[in-house]
Amino acid sequence: AGLVGMDLVAKAPPDGHTILVHSNAHVVVPALVARLPFDPVGDFAPIAHLGRIPQVLVVDPRLPVRDMAGLLDYIRARPGQLHFASAGIGSAVHLAGEVFRSVAKLEIQPVHYRGGGPAMQAVIGGEVIYTIDPVASAAGHIRGGSVRAICITGAERVPSLPEVPSSAEAGLPDLKVEAWLMAMAPARTPPAAVARLAEAFARAAEGAKQRLAELGVQPATVRGAPALTEFLRQDMARSVAVLRAAGVQPE
């Protein structure tokens, strides 16, 4: 989950020349590692929220399931008998699957594969009934018919899959989970250096806006160091709580 890179940046000189670009795996590590050599919030100075990565819930198209209501009925009629695919313990795919299981109150267990690709193949092959994958990597499978999209796991549809409803439209408004990207420097990096880097990242993101959109990355919504720090703190509390409730214990 990026542990080596996180540790390196946390202990690097706070001179504005060492930057970590990480995903929401950053806030999951306290649920996985018992004795972290750094504080995922306190040892970093957030620079810029680089974008949100919407995710989509997909099922095996051979199932008699075409929408959220049908999926919930299918799972609830088979308590404890079915499985969903995870990309590994603590991955964004695992976390999203656990959020879905929690908000829908489902009796279903994860199977942990070695990455998102094998997790998607498990759905295609009928080993499990669903996974929740980033839109960018799932879109080709959806268009090709090897999986069926049920909903975007967020409050709004995405331009690359305009026909797929949001979780609210699908009838499960509490299913709100997406991945994100953020740039961070070591804590105690001078505010002027952080501000200069934030401005540079903003210019770069604007210049790459079209390409990012093609990759399924949506614009950032959190700006400014205090708001970014609070965002990290809240997302860590929420993510760790979800994994704890799922029985994940730090090692």
# chains A, B, ... in the order shown; residues from 1 in each chain; ligands from 1

$ select_by_dssp --residues "range 3-248 of chain A" --states "strand (DSSP E)" --output "PyMOL selection string"
chain A and resi 20-23+44-53+55-59+83-86+109-112+130-134+148-152+179-186

$ write_last_selection --atoms "N, CA and C atoms" --output "CSV table (one decimal), in the first residue's frame"
chain,number,residue,atom,x,y,z
A,20,LEU,N,5.3,13.1,-2.2
A,20,LEU,CA,4.6,11.8,-2.3
A,20,LEU,C,3.3,12.0,-3.1
A,21,VAL,N,3.1,11.2,-4.1
A,21,VAL,CA,1.8,11.2,-4.8
A,21,VAL,C,1.1,9.9,-4.5
A,22,HIS,N,0.0,9.9,-3.8
A,22,HIS,CA,-0.6,8.7,-3.2
A,22,HIS,C,-2.1,8.7,-3.4
A,23,SER,N,-2.7,7.5,-3.2
A,23,SER,CA,-4.1,7.3,-3.3
A,23,SER,C,-4.7,7.2,-1.9
A,44,PHE,N,2.8,14.5,7.4
A,44,PHE,CA,2.7,15.0,6.0
A,44,PHE,C,2.1,16.3,5.9
A,45,ALA,N,2.5,17.1,4.9
A,45,ALA,CA,1.9,18.4,4.6
A,45,ALA,C,1.2,18.2,3.3
A,46,PRO,N,-0.1,18.2,3.3
A,46,PRO,CA,-0.9,18.0,2.0
A,46,PRO,C,-0.6,19.2,1.1
A,47,ILE,N,-0.4,18.9,-0.2
A,47,ILE,CA,-0.1,20.0,-1.2
A,47,ILE,C,-1.4,20.2,-2.0
A,48,ALA,N,-1.9,19.1,-2.6
A,48,ALA,CA,-3.0,19.3,-3.6
A,48,ALA,C,-3.7,18.0,-3.8
A,49,HIS,N,-5.0,18.1,-3.8
A,49,HIS,CA,-6.0,17.1,-4.1
A,49,HIS,C,-6.0,17.0,-5.7
A,50,LEU,N,-5.5,15.9,-6.2
A,50,LEU,CA,-5.3,15.8,-7.7
A,50,LEU,C,-6.4,15.3,-8.4
A,51,GLY,N,-7.4,14.7,-7.8
A,51,GLY,CA,-8.6,14.2,-8.5
A,51,GLY,C,-9.3,13.1,-7.8
A,52,ARG,N,-10.5,12.9,-8.2
A,52,ARG,CA,-11.4,11.8,-7.6
A,52,ARG,C,-11.5,10.7,-8.7
A,53,ILE,N,-11.5,9.5,-8.3
A,53,ILE,CA,-11.6,8.3,-9.2
A,53,ILE,C,-12.9,7.6,-8.9
A,55,GLN,N,-15.9,4.9,-8.9
A,55,GLN,CA,-15.9,3.4,-9.0
A,55,GLN,C,-17.2,3.0,-9.4
A,56,VAL,N,-17.3,1.8,-10.0
A,56,VAL,CA,-18.5,1.2,-10.5
A,56,VAL,C,-18.7,-0.2,-10.0
A,57,LEU,N,-19.9,-0.5,-9.6
A,57,LEU,CA,-20.2,-1.9,-9.1
A,57,LEU,C,-20.7,-2.7,-10.3
A,58,VAL,N,-20.0,-3.8,-10.6
A,58,VAL,CA,-20.3,-4.6,-11.7
A,58,VAL,C,-20.5,-6.1,-11.3
A,59,VAL,N,-21.4,-6.8,-12.0
A,59,VAL,CA,-21.7,-8.1,-11.7
A,59,VAL,C,-21.5,-9.0,-12.9
A,83,HIS,N,-20.0,-14.6,-2.7
A,83,HIS,CA,-18.7,-13.9,-2.4
A,83,HIS,C,-18.6,-12.7,-3.4
A,84,PHE,N,-17.8,-11.7,-3.0
A,84,PHE,CA,-17.4,-10.6,-3.9
A,84,PHE,C,-15.9,-10.6,-4.0
A,85,ALA,N,-15.4,-10.0,-5.1
A,85,ALA,CA,-14.0,-9.9,-5.3
A,85,ALA,C,-13.3,-8.7,-4.8
A,86,SER,N,-12.2,-8.8,-4.1
A,86,SER,CA,-11.4,-7.7,-3.6
A,86,SER,C,-10.1,-7.8,-4.3
A,109,GLN,N,-19.2,-12.5,1.7
A,109,GLN,CA,-17.8,-12.4,2.1
A,109,GLN,C,-16.9,-12.1,0.9
A,110,PRO,N,-15.8,-11.4,1.2
A,110,PRO,CA,-14.8,-11.1,0.2
A,110,PRO,C,-13.9,-12.3,-0.1
A,111,VAL,N,-13.4,-12.3,-1.4
A,111,VAL,CA,-12.3,-13.2,-1.8
A,111,VAL,C,-11.2,-12.2,-2.2
A,112,HIS,N,-10.0,-12.3,-1.6
A,112,HIS,CA,-9.0,-11.4,-1.9
A,112,HIS,C,-8.1,-11.9,-3.0
A,130,TYR,N,-19.8,-10.1,-7.8
A,130,TYR,CA,-19.5,-8.7,-8.1
A,130,TYR,C,-18.2,-8.2,-7.6
A,131,THR,N,-17.8,-7.1,-8.1
A,131,THR,CA,-16.6,-6.4,-7.6
A,131,THR,C,-17.0,-4.9,-7.8
A,132,ILE,N,-16.2,-4.0,-7.2
A,132,ILE,CA,-16.3,-2.6,-7.4
A,132,ILE,C,-15.0,-2.0,-7.9
A,133,ASP,N,-14.9,-1.5,-9.1
A,133,ASP,CA,-13.6,-1.2,-9.7
A,133,ASP,C,-13.6,0.2,-10.2
A,134,PRO,N,-12.5,0.8,-10.3
A,134,PRO,CA,-12.4,2.2,-10.9
A,134,PRO,C,-13.1,2.2,-12.3
A,148,ARG,N,-21.7,-6.6,-16.2
A,148,ARG,CA,-22.9,-5.7,-16.2
A,148,ARG,C,-22.7,-4.7,-15.1
A,149,ALA,N,-22.8,-3.4,-15.5
A,149,ALA,CA,-22.8,-2.3,-14.5
A,149,ALA,C,-24.1,-2.1,-13.8
A,150,ILE,N,-24.0,-2.0,-12.5
A,150,ILE,CA,-25.2,-1.8,-11.7
A,150,ILE,C,-25.3,-0.3,-11.3
A,151,CYS,N,-24.2,0.3,-10.8
A,151,CYS,CA,-24.3,1.7,-10.4
A,151,CYS,C,-22.9,2.2,-10.2
A,152,ILE,N,-22.8,3.5,-10.3
A,152,ILE,CA,-21.6,4.3,-9.9
A,152,ILE,C,-21.7,4.4,-8.4
A,179,ALA,N,-12.2,6.5,-5.0
A,179,ALA,CA,-10.7,6.6,-4.7
A,179,ALA,C,-10.3,8.1,-5.0
A,180,TRP,N,-9.1,8.4,-4.5
A,180,TRP,CA,-8.6,9.8,-4.8
A,180,TRP,C,-7.1,9.8,-4.9
A,181,LEU,N,-6.6,10.9,-5.4
A,181,LEU,CA,-5.1,11.1,-5.5
A,181,LEU,C,-4.8,12.4,-4.8
A,182,MET,N,-3.6,12.4,-4.2
A,182,MET,CA,-3.2,13.6,-3.5
A,182,MET,C,-1.7,13.7,-3.5
A,183,ALA,N,-1.2,14.9,-3.6
A,183,ALA,CA,0.3,15.1,-3.5
A,183,ALA,C,0.6,15.7,-2.1
A,184,MET,N,1.6,15.1,-1.5
A,184,MET,CA,2.0,15.5,-0.1
A,184,MET,C,3.5,15.7,0.0
A,185,ALA,N,3.9,16.6,1.0
A,185,ALA,CA,5.3,16.8,1.3
A,185,ALA,C,5.5,16.4,2.7
A,186,PRO,N,6.7,16.3,3.2
A,186,PRO,CA,7.0,16.0,4.6
A,186,PRO,C,6.4,17.1,5.5

$ atom_distance --atom1 "CA of Tyr74 in chain A" --atom2 "CA of Ser167 in chain A"
17.6 Å

$ closest_atom_pairs --of "range 86-151 of chain A" --to "range 230-246 of chain A" --cutoff "8 Å" --atoms "only C-alpha atoms" --output "CSV"
residue,atom,partner,partner_atom,distance
A:Gly90,CA,A:Leu243,CA,7.3
A:Leu95,CA,A:Leu243,CA,7.0
A:Glu98,CA,A:Val242,CA,6.8
A:Val99,CA,A:Val242,CA,6.7

$ atom_distance --atom1 "CA of Asp60 in chain A" --atom2 "CA of Ala25 in chain A"
26.7 Å

$ closest_residue --among "A:Thr221, A:Ser137, A:Thr153, A:Ser91" --to "Asn24 in chain A" --atoms "only C-alpha atoms"
A:Ser91

$ residues_around --residues "Lys11 in chain A" --least-positions-apart "2" --cutoff "9 Å" --atoms "only C-alpha atoms" --output "PyMOL selection string"
chain A and resi 6-9+13-14+38+43+186-187

$ closest_residue --among "A:Ala92, A:Val158, A:Ala77, A:Ala200" --to "Glu214 in chain A" --atoms "only C-alpha atoms"
A:Val158
